[in-house]
Structure formats: C-alpha cells, structure tokens
>>> print(open('final28.cif').read())   # mmCIF, C-alpha atoms
data_protein
loop_
_atom_site.label_atom_id
_atom_site.label_comp_id
_atom_site.auth_asym_id
_atom_site.auth_seq_id
_atom_site.Cartn_x
_atom_site.Cartn_y
_atom_site.Cartn_z
CA MET B 1 243.75 148.30 30.91
CA PRO B 2 242.00 144.91 30.48
CA ARG B 3 244.22 141.87 30.41
CA GLU B 4 244.60 140.21 27.01
CA ILE B 5 243.01 136.76 26.82
CA THR B 6 245.90 134.42 26.19
CA GLN B 7 245.64 131.41 23.94
CA ALA B 8 248.31 128.78 23.60
CA ASN B 9 248.52 125.09 22.95
CA ILE B 10 249.92 123.19 25.93
CA ARG B 11 251.24 119.81 24.86
CA PRO B 12 253.91 117.20 25.58
CA SER B 13 257.29 118.22 24.21
CA LEU B 14 258.76 116.68 21.09
CA PRO B 15 262.44 116.29 20.17
CA ALA B 16 262.00 119.14 17.66
CA ASP B 17 261.19 121.43 20.65
CA TYR B 18 264.39 120.74 22.59
CA GLY B 19 266.40 123.57 20.99
CA ALA B 20 263.70 126.10 21.92
CA ILE B 21 263.44 124.65 25.44
CA ALA B 22 267.21 124.99 25.84
CA ALA B 23 267.09 128.60 24.56
CA ILE B 24 264.41 129.50 27.11
CA TYR B 25 266.42 127.88 29.88
CA ASN B 26 269.52 129.73 28.70
CA GLU B 27 267.66 133.04 29.14
CA ALA B 28 267.02 132.05 32.77
CA ILE B 29 270.64 130.96 33.25
CA SER B 30 271.90 134.30 31.91
CA THR B 31 270.04 136.23 34.63
CA GLY B 32 272.10 134.59 37.39
CA SER B 33 269.08 134.70 39.70
CA ILE B 34 266.53 132.15 38.45
CA THR B 35 268.38 128.83 38.29
CA PHE B 36 271.59 127.47 39.75
CA ASP B 37 272.75 126.12 36.40
CA THR B 38 275.53 128.33 35.07
CA GLN B 39 276.47 126.86 31.66
CA PRO B 40 274.30 127.12 28.53
CA PHE B 41 272.21 124.12 27.51
CA ALA B 42 271.79 122.62 24.05
CA ALA B 43 269.01 120.49 22.60
CA GLU B 44 271.09 117.41 23.42
CA ASP B 45 271.04 118.34 27.12
CA ILE B 46 267.24 118.47 27.08
CA GLN B 47 267.17 115.12 25.26
CA ALA B 48 269.36 113.70 28.06
CA TRP B 49 266.79 114.89 30.65
CA VAL B 50 263.93 113.26 28.78
CA ASP B 51 265.87 110.03 28.25
CA LYS B 52 266.11 109.66 32.04
CA PHE B 53 262.39 110.21 32.72
CA CYS B 54 260.37 107.53 34.44
CA ASP B 55 256.75 106.91 33.43
CA ARG B 56 255.51 109.51 35.95
CA GLU B 57 257.62 112.41 34.66
CA GLY B 58 257.17 114.72 31.72
CA LEU B 59 258.04 117.90 29.88
CA LEU B 60 255.25 120.09 28.50
CA VAL B 61 255.51 123.11 26.23
CA ALA B 62 253.37 126.20 25.67
CA GLU B 63 253.16 126.90 21.95
CA ARG B 64 251.53 129.72 20.03
CA ASP B 65 251.81 130.35 16.29
CA HIS B 66 254.36 127.50 16.02
CA ARG B 67 256.66 129.17 18.61
CA ILE B 68 257.58 127.64 21.96
CA LEU B 69 256.91 130.30 24.62
CA GLY B 70 257.62 128.23 27.69
CA TRP B 71 257.92 124.81 29.21
CA GLY B 72 256.99 122.94 32.36
CA LEU B 73 258.68 119.97 33.96
CA ILE B 74 257.29 117.25 36.22
CA LYS B 75 259.85 115.04 37.92
CA GLN B 76 259.60 112.65 40.79
CA TYR B 77 260.86 114.11 44.04
CA SER B 78 262.83 110.98 44.90
CA ASP B 79 263.09 107.42 43.65
CA ARG B 80 262.53 106.12 47.20
CA PRO B 81 259.13 104.34 47.33
CA GLY B 82 257.88 106.36 50.30
CA TYR B 83 258.10 109.53 48.21
CA ARG B 84 255.96 108.09 45.38
CA VAL B 85 253.23 110.64 46.24
CA CYS B 86 255.52 113.66 45.72
CA CYS B 87 256.83 115.40 42.62
CA GLU B 88 258.71 118.58 41.86
CA THR B 89 257.67 120.97 39.10
CA SER B 90 259.33 123.85 37.27
CA ILE B 91 258.07 126.39 34.76
CA TYR B 92 260.13 128.63 32.49
CA LEU B 93 258.88 131.18 29.98
CA THR B 94 260.70 133.33 27.46
CA LEU B 95 261.31 136.78 28.90
CA ALA B 96 259.00 138.24 26.24
CA ALA B 97 256.13 135.87 27.18
CA ARG B 98 256.06 136.70 30.89
CA GLY B 99 253.06 138.48 32.35
CA LYS B 100 250.74 137.55 29.48
CA GLY B 101 248.94 134.55 30.98
CA TYR B 102 250.99 131.79 29.35
CA GLY B 103 252.43 130.75 32.70
CA ARG B 104 248.91 130.43 34.11
CA LEU B 105 247.86 128.17 31.23
CA LEU B 106 251.00 126.08 31.53
CA GLN B 107 250.71 125.77 35.32
CA THR B 108 247.03 124.77 35.11
CA THR B 109 247.81 122.00 32.61
CA LEU B 110 250.91 120.94 34.54
CA LEU B 111 248.90 120.53 37.75
CA GLU B 112 246.21 118.55 35.92
CA LYS B 113 248.94 116.24 34.62
CA VAL B 114 250.46 115.97 38.11
CA ALA B 115 247.10 114.83 39.50
CA ALA B 116 246.59 112.39 36.60
CA LEU B 117 250.00 110.88 37.38
CA GLY B 118 248.86 110.23 40.96
CA TYR B 119 250.92 112.82 42.81
CA HIS B 120 249.43 114.16 46.05
CA HIS B 121 252.24 116.58 47.05
CA VAL B 122 253.93 119.07 44.70
CA VAL B 123 257.18 120.86 45.57
CA VAL B 124 258.73 123.89 43.89
CA LYS B 125 262.11 125.38 44.70
CA ILE B 126 262.47 129.05 43.81
CA THR B 127 265.38 131.42 44.28
CA ALA B 128 264.18 133.43 47.29
CA THR B 129 264.71 136.77 45.52
CA ASN B 130 262.38 135.72 42.67
CA HIS B 131 259.34 137.37 44.26
CA SER B 132 257.24 137.24 41.08
CA SER B 133 257.59 133.45 40.84
CA ILE B 134 256.75 133.04 44.53
CA ALA B 135 253.63 135.21 44.12
CA PHE B 136 252.69 133.31 40.94
CA HIS B 137 252.82 129.97 42.76
CA GLN B 138 250.86 131.35 45.71
CA LYS B 139 248.00 132.15 43.30
CA PHE B 140 247.78 128.41 42.64
CA GLY B 141 247.64 127.55 46.34
CA PHE B 142 251.32 126.84 46.95
CA GLU B 143 252.51 127.83 50.40
CA ARG B 144 256.03 128.67 51.44
CA VAL B 145 257.25 126.11 53.95
CA GLY B 146 260.85 127.17 54.37
CA ILE B 147 263.96 128.95 53.20
CA GLN B 148 267.23 127.18 52.59
CA LYS B 149 269.83 129.82 53.46
CA GLU B 150 272.91 130.20 51.29
CA ILE B 151 272.31 126.86 49.56
CA GLY B 152 273.82 128.03 46.28
CA HIS B 153 276.49 130.36 45.02
CA VAL B 154 275.68 131.87 41.63
CA ALA B 155 276.67 135.19 40.05
CA ASP B 156 279.27 135.80 42.76
CA ARG B 157 276.74 135.78 45.60
CA TRP B 158 275.08 133.40 48.02
CA GLN B 159 271.56 132.45 47.03
CA ASP B 160 268.70 131.35 49.27
CA VAL B 161 265.93 129.06 48.01
CA ALA B 162 262.27 129.23 48.99
CA ILE B 163 260.64 125.82 49.30
CA MET B 164 256.94 125.83 48.45
CA GLN B 165 254.41 123.03 48.46
CA LEU B 166 250.94 122.28 47.22
CA ILE B 167 248.83 119.43 48.57
CA LEU B 168 246.30 117.96 46.15
CA PRO B 169 243.72 116.53 48.58
CA GLN B 170 241.69 114.99 45.74
CA VAL B 171 244.57 112.62 44.89
CA PRO B 172 244.65 109.55 47.15
CA PRO B 173 247.89 107.76 47.95
CA PHE B 174 249.41 105.99 44.99
CA PRO B 175 249.49 102.21 45.59
CA ASP B 176 252.18 101.25 48.08
CA MET B 177 254.99 100.00 45.88
CA SER B 178 257.11 99.19 48.92
CA ALA B 179 254.75 96.58 50.37
CA PRO B 180 255.73 92.95 49.87
CA LYS B 181 253.68 91.08 47.28
#
>>> encode(input="final28.cif", output="structure tokens")
Amino acid sequence: MPREITQANIRPSLPADYGAIAAIYNEAISTGSITFDTQPFAAEDIQAWVDKFCDREGLLVAERDHRILGWGLIKQYSDRPGYRVCCETSIYLTLAARGKGYGRLLQTTLLEKVAALGYHHVVVKITATNHSSIAFHQKFGFERVGIQKEIGHVADRWQDVAIMQLILPQVPPFPDMSAPK
C-alpha cells in the first residue's frame, strides 16, 4: 500500500500550544518506556521550559487542521562554552500521529533549525527498548555511540538509554565564546 503524503505546518510553538504539547508528553509519560518523567505535565510546565530557553534553544510544533500532532525541542547540551557546538533534541508525536510521516517532517525542520543556530553536533537520548525511535533517528544519519546501563528506574524496572549522535559537517565551529577579548 503506498504511503500517504503527509502535510503539516512546522512552526515555532506559541503559548496557546502548551496545553497540547503537555498532553502529547503525558501520553509518552503514561507508557513508562519513552521518558523518565513520571508525573503529568500542564501547560504551565511547558511555559516554564520555554522561559528558561537561551537564544539558541527552541520548541517547534507540527500542526495540521489546527491540531498539534507533535513537537520537537532543541536545547543546548551544556552551558559550558566548550560545548557551544552541541545541542540535544527530542521529538514527541501523539500516538495517533505516529507512522504517518509527521515525525519525518518535524525532524527535517528541527535539523535545519539546529544548523541555522550554529550547532555542529546533535545528541539524542532514547530509552534503549524504544527500537522504533532508534531506527527513526538512524534514517537521519544518527549513529548509536553508547548505552548507559540502568541509568533510570521507571515503571518498576531499570531502564537503559541509547546515546546517539549526528555530526553536521557543513556547520563550522561557532565563534569561541571562551576566548579572552
């Protein structure tokens, strides 16, 4: 059966989206195997994330027919100047939107934004049993570089995390902010 061509608007999030973003994250939390957060989030929790963003971080949403189907996060890996070239990303979709191409659209836009922000190295951390997310990221060129054994305890079991990375060779080093002026 041919795959449906997916259309969605990928855009920066707005405060009006934060309730939908929280609901999508709550679906992931309820599985006990996608994130290590265990308590439900509210729109105010998403607002608190955004309020802490620096100028090289962001939250994008995938929207179709005025419904938020997913979101993607870009956050700096560390606030230490030597890590200025590295960010971490995350993508979450509603359970109903998975497997329909929305994640591909969101990831493509997210990686374009990452490059525009001057990041050279992208890290994702995925629960090691989430094979579909690992395979999804591999399609974009991410490679698995390690497993953190028993790093979390969620849903009454130890959880391992796969660390994956993507190098964007077209992005040169961001100016050295640690050098004396």
>>> closest_residue(input="final28.cif", among="B:Leu168, B:Phe136, B:Pro173, B:Glu143", to="Gly101 (chain B)", atoms="all atoms listed in the file")
B:Phe136
>>> residues_near_point(input="final28.cif", point="(241.3, 121.8, 48.0)", cutoff="12 Å", atoms="only C-alpha atoms", output="list in words")
His120, Phe140, Gly141, Phe142, Leu166, Ile167, Leu168, Pro169, Gln170 and Val171 of chain B
>>> closest_residue(input="final28.cif", among="B:Ala20, B:Val145, B:Val124, B:Ile34", to="Gln159 (chain B)", atoms="only C-alpha atoms")
B:Ile34
>>> closest_residue(input="final28.cif", among="B:Thr109, B:Asn130, B:Thr89, B:Thr31", to="Arg11 (chain B)", atoms="only C-alpha atoms")
B:Thr109
>>> closest_residue(input="final28.cif", among="B:Gln39, B:Ser78, B:Asn9, B:Ser90", to="Val61 (chain B)", atoms="only C-alpha atoms")
B:Asn9
>>> closest_residue(input="final28.cif", among="B:Ile91, B:Leu105, B:Ile21, B:Val123", to="Tyr77 (chain B)", atoms="all atoms listed in the file")
B:Val123
>>> closest_residue(input="final28.cif", among="B:Val154, B:Val114, B:Ile10, B:Cys54", to="Gly70 (chain B)", atoms="only C-alpha atoms")
B:Ile10
>>> resolve_selection(input="final28.cif", expression="the PyMOL selection byres ((chain B and resi 66) around 12)", output="PyMOL selection string")
chain B and resi 8-10+16-17+20+61-65+67-69
